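J.: Here it is: the structure, laid out below.
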Amino acid sequence: MSPATTRHPNTSEPHVSTVKHLIMVENSPSPLPERAIYGFVLYLASQFGFFLYCLWAFVPEEWLHLIGLTYWPQKYWALAVPIYLLVALTISLVILFGVNMNNTAPLDSVDNITDMYAQAQGTNSCHKGGIPRIKDVSISEVNKMFYLSPQAIKSRN
Amino acid sequence: MEDEAFTDINGKAISLDCHSHSGFCREFTVSSPKVSVGKVMVYTCCVWLLAYTVFFFTQNTAVLSSAILITLVGMMFHIHFVKVDHESLLVIGSLGIQVSSCYASGRETTTFIEMSKIKDIVINEAIYMHQIIYYLCVLLKDPAEPKAVSSVVPLFQSSKPRLNCLVKVYKSCQEILSKC
């Protein structure tokens, strides 16, 4: 990283940092100081959330009533929600595979040969000496190239 | 004609027979292996043993008779509708092609496609379940629009030969198709 792109997160001039934002053009997934801070905050928050969840799940109902927390979900859901989530995750994995296979074009569909974008490629004439436009090679040509011996092509032409 | 060791996409042995009736008429027949007696016996024994264990616990004789009926009906259904004995492709130059499959019970289904509708016969690769296979197919065109492919008819669907067999059939077909 060039020295011009290093930025101080606690800048006293937010205007300068936004200008430097505009100079950095690419959106790369590389580590940045801000991303480290976001990650650490998320980590702390998730650990604290888990601690609170365990607290709610283990503390007996009477104690919660004594404090004043009376209208909270049944303890049944402390087990049910994680199990539901895990089962849903497993089933969605299987269903994803199935949906993929279902959406695959069958062997007798035209989608295996061509599609509307390929058919829209007209026979544009190129300028003299210019590079012709990129175009799909028809499957008949490809087959001739692969499977017919060069002598057969020459004798045909 | 000579028979190399052709196999289908799963590795089972098939045989290809190329017969040249005349200069512009050729017939290709791909034969699958016949129903093996051992497999039939194994399936029948499994189903009947299962039925006998259910009968052992429920003491209901309807289980046994229904198992016998199911095996009989299942076998008849299988050899009449499912098990293909051989598939053949008959190419007649400037007339058309005829695709027929013959089932194990003797039933035969035939389709004729006239030459004006045929754009080409090609080997295409496509995704089939979890793998990519080569298959021979007829590209059909609408006579009003000769440049566009209107539909695709795959050939040898039950036997699904591998590429060496398909290349042989393809080369032979192209010789005839290029003459007309």
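Residues in the structure tokens are numbered from 1 in each chain, the chains being A, B, ... in the order shown, and ligands are numbered from 1 in the order shown.
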Would you list which chain A residues are within 7 Å of chain B using only C-alpha atoms, as a short mmCIF file (atom, residue, chain, number, x, y, z; two decimals) with C-alpha atoms, in the first residue's frame?
T.:
data_model
loop_
_atom_site.label_atom_id
_atom_site.label_comp_id
_atom_site.auth_asym_id
_atom_site.auth_seq_id
_atom_site.Cartn_x
_atom_site.Cartn_y
_atom_site.Cartn_z
CA MET A 101 -30.57 -29.92 -10.50
CA LEU A 107 -30.95 -32.80 -22.81
CA ASP A 108 -33.67 -31.97 -25.34
CA SER A 109 -33.78 -28.24 -24.66
CA VAL A 110 -32.50 -25.62 -27.09
CA ASN A 112 -27.94 -26.41 -24.50
CA SER A 140 -21.89 -27.59 -36.42
CA ASN A 143 -18.16 -30.52 -34.35
CA TYR A 147 -14.45 -34.85 -34.98
CA LEU A 148 -13.95 -34.76 -38.73
#
J.: Extract, using only C-alpha atoms, all DNA, RNA and protein residues at most 12 Å from Leu55 (chain A), discarding same-chain residues fewer than 6 positions from it, and format them as an mmCIF file with N, CA, C and O atoms, in the first residue's frame.
T.:
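Result file is result_28.cif:
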data_model
loop_
_atom_site.group_PDB
_atom_site.id
_atom_site.type_symbol
_atom_site.label_atom_id
_atom_site.label_comp_id
_atom_site.auth_asym_id
_atom_site.auth_seq_id
_atom_site.Cartn_x
_atom_site.Cartn_y
_atom_site.Cartn_z
ATOM 1 N N PHE A 48 -21.308 -10.993 24.166
ATOM 2 C CA PHE A 48 -22.179 -10.469 25.212
ATOM 3 C C PHE A 48 -23.613 -10.944 25.008
ATOM 4 O O PHE A 48 -24.317 -11.315 25.949
ATOM 5 N N GLY A 49 -24.051 -10.943 23.712
ATOM 6 C CA GLY A 49 -25.393 -11.431 23.417
ATOM 7 C C GLY A 49 -25.564 -12.885 23.798
ATOM 8 O O GLY A 49 -26.599 -13.287 24.347
ATOM 9 N N GLU A 61 -37.490 -19.284 36.348
ATOM 10 C CA GLU A 61 -38.539 -18.311 36.038
ATOM 11 C C GLU A 61 -38.896 -17.457 37.248
ATOM 12 O O GLU A 61 -39.185 -16.269 37.117
ATOM 13 N N TRP A 63 -37.038 -16.386 39.679
ATOM 14 C CA TRP A 63 -36.118 -15.285 39.898
ATOM 15 C C TRP A 63 -36.396 -14.156 38.915
ATOM 16 O O TRP A 63 -36.318 -12.969 39.264
ATOM 17 N N LEU A 64 -36.701 -14.528 37.652
ATOM 18 C CA LEU A 64 -36.981 -13.485 36.661
ATOM 19 C C LEU A 64 -38.249 -12.727 37.056
ATOM 20 O O LEU A 64 -38.330 -11.501 36.912
ATOM 21 N N LYS A 75 -39.265 -21.034 28.288
ATOM 22 C CA LYS A 75 -37.930 -21.627 28.228
ATOM 23 C C LYS A 75 -37.821 -22.681 27.132
ATOM 24 O O LYS A 75 -36.737 -23.063 26.729
ATOM 25 N N ALA A 78 -35.741 -21.723 24.276
ATOM 26 C CA ALA A 78 -34.286 -21.669 24.408
ATOM 27 C C ALA A 78 -33.632 -22.853 23.705
ATOM 28 O O ALA A 78 -32.517 -22.771 23.215
#
J.: Take CA of Asp115 (chain A) and CA of Lys141 (chain B) and report the distance between them in Å, one decimal.
T.: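 Value for the CA of Asp115 (chain A)-CA of Lys141 (chain B) distance: 14.8 Å.
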J.: In Å, with one decimal, what is the gap from CA of Ile92 (chain B) to CA of Glu27 (chain B)?
T.: 8.6 Å
J.: Of the candidates B:Ile176, B:Ile79, B:Leu64, B:Gly38, which one gets nearest to Met115 (chain B) if we count only C-alpha atoms?
T.: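 Looking at the shortest contact to Met115 (chain B), the residue is B:Ile176.
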J.: Could you list, as a PyMOL selection string, every residue within 12 Å of Ser36 (chain B), counting only C-alpha atoms and ignoring same-chain residues fewer than 5 positions away?
T.: chain B and resi 41-43+79+83+104
J.: Residues of the last selection are to be written out with C-alpha atoms, as a PDB file, in the first residue's frame.
T.:
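Final output, again09.pdb:
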ATOM      1  CA  MET B  41     -33.754 -63.444  -8.926  1.00  0.00           C
ATOM      2  CA  VAL B  42     -32.075 -61.142  -6.411  1.00  0.00           C
ATOM      3  CA  TYR B  43     -34.841 -58.538  -6.612  1.00  0.00           C
ATOM      4  CA  ILE B  79     -39.779 -55.019 -19.567  1.00  0.00           C
ATOM      5  CA  LYS B  83     -36.019 -51.742 -20.407  1.00  0.00           C
ATOM      6  CA  ALA B 104     -37.410 -55.873 -24.074  1.00  0.00           C
TER       7      ALA B 104
END
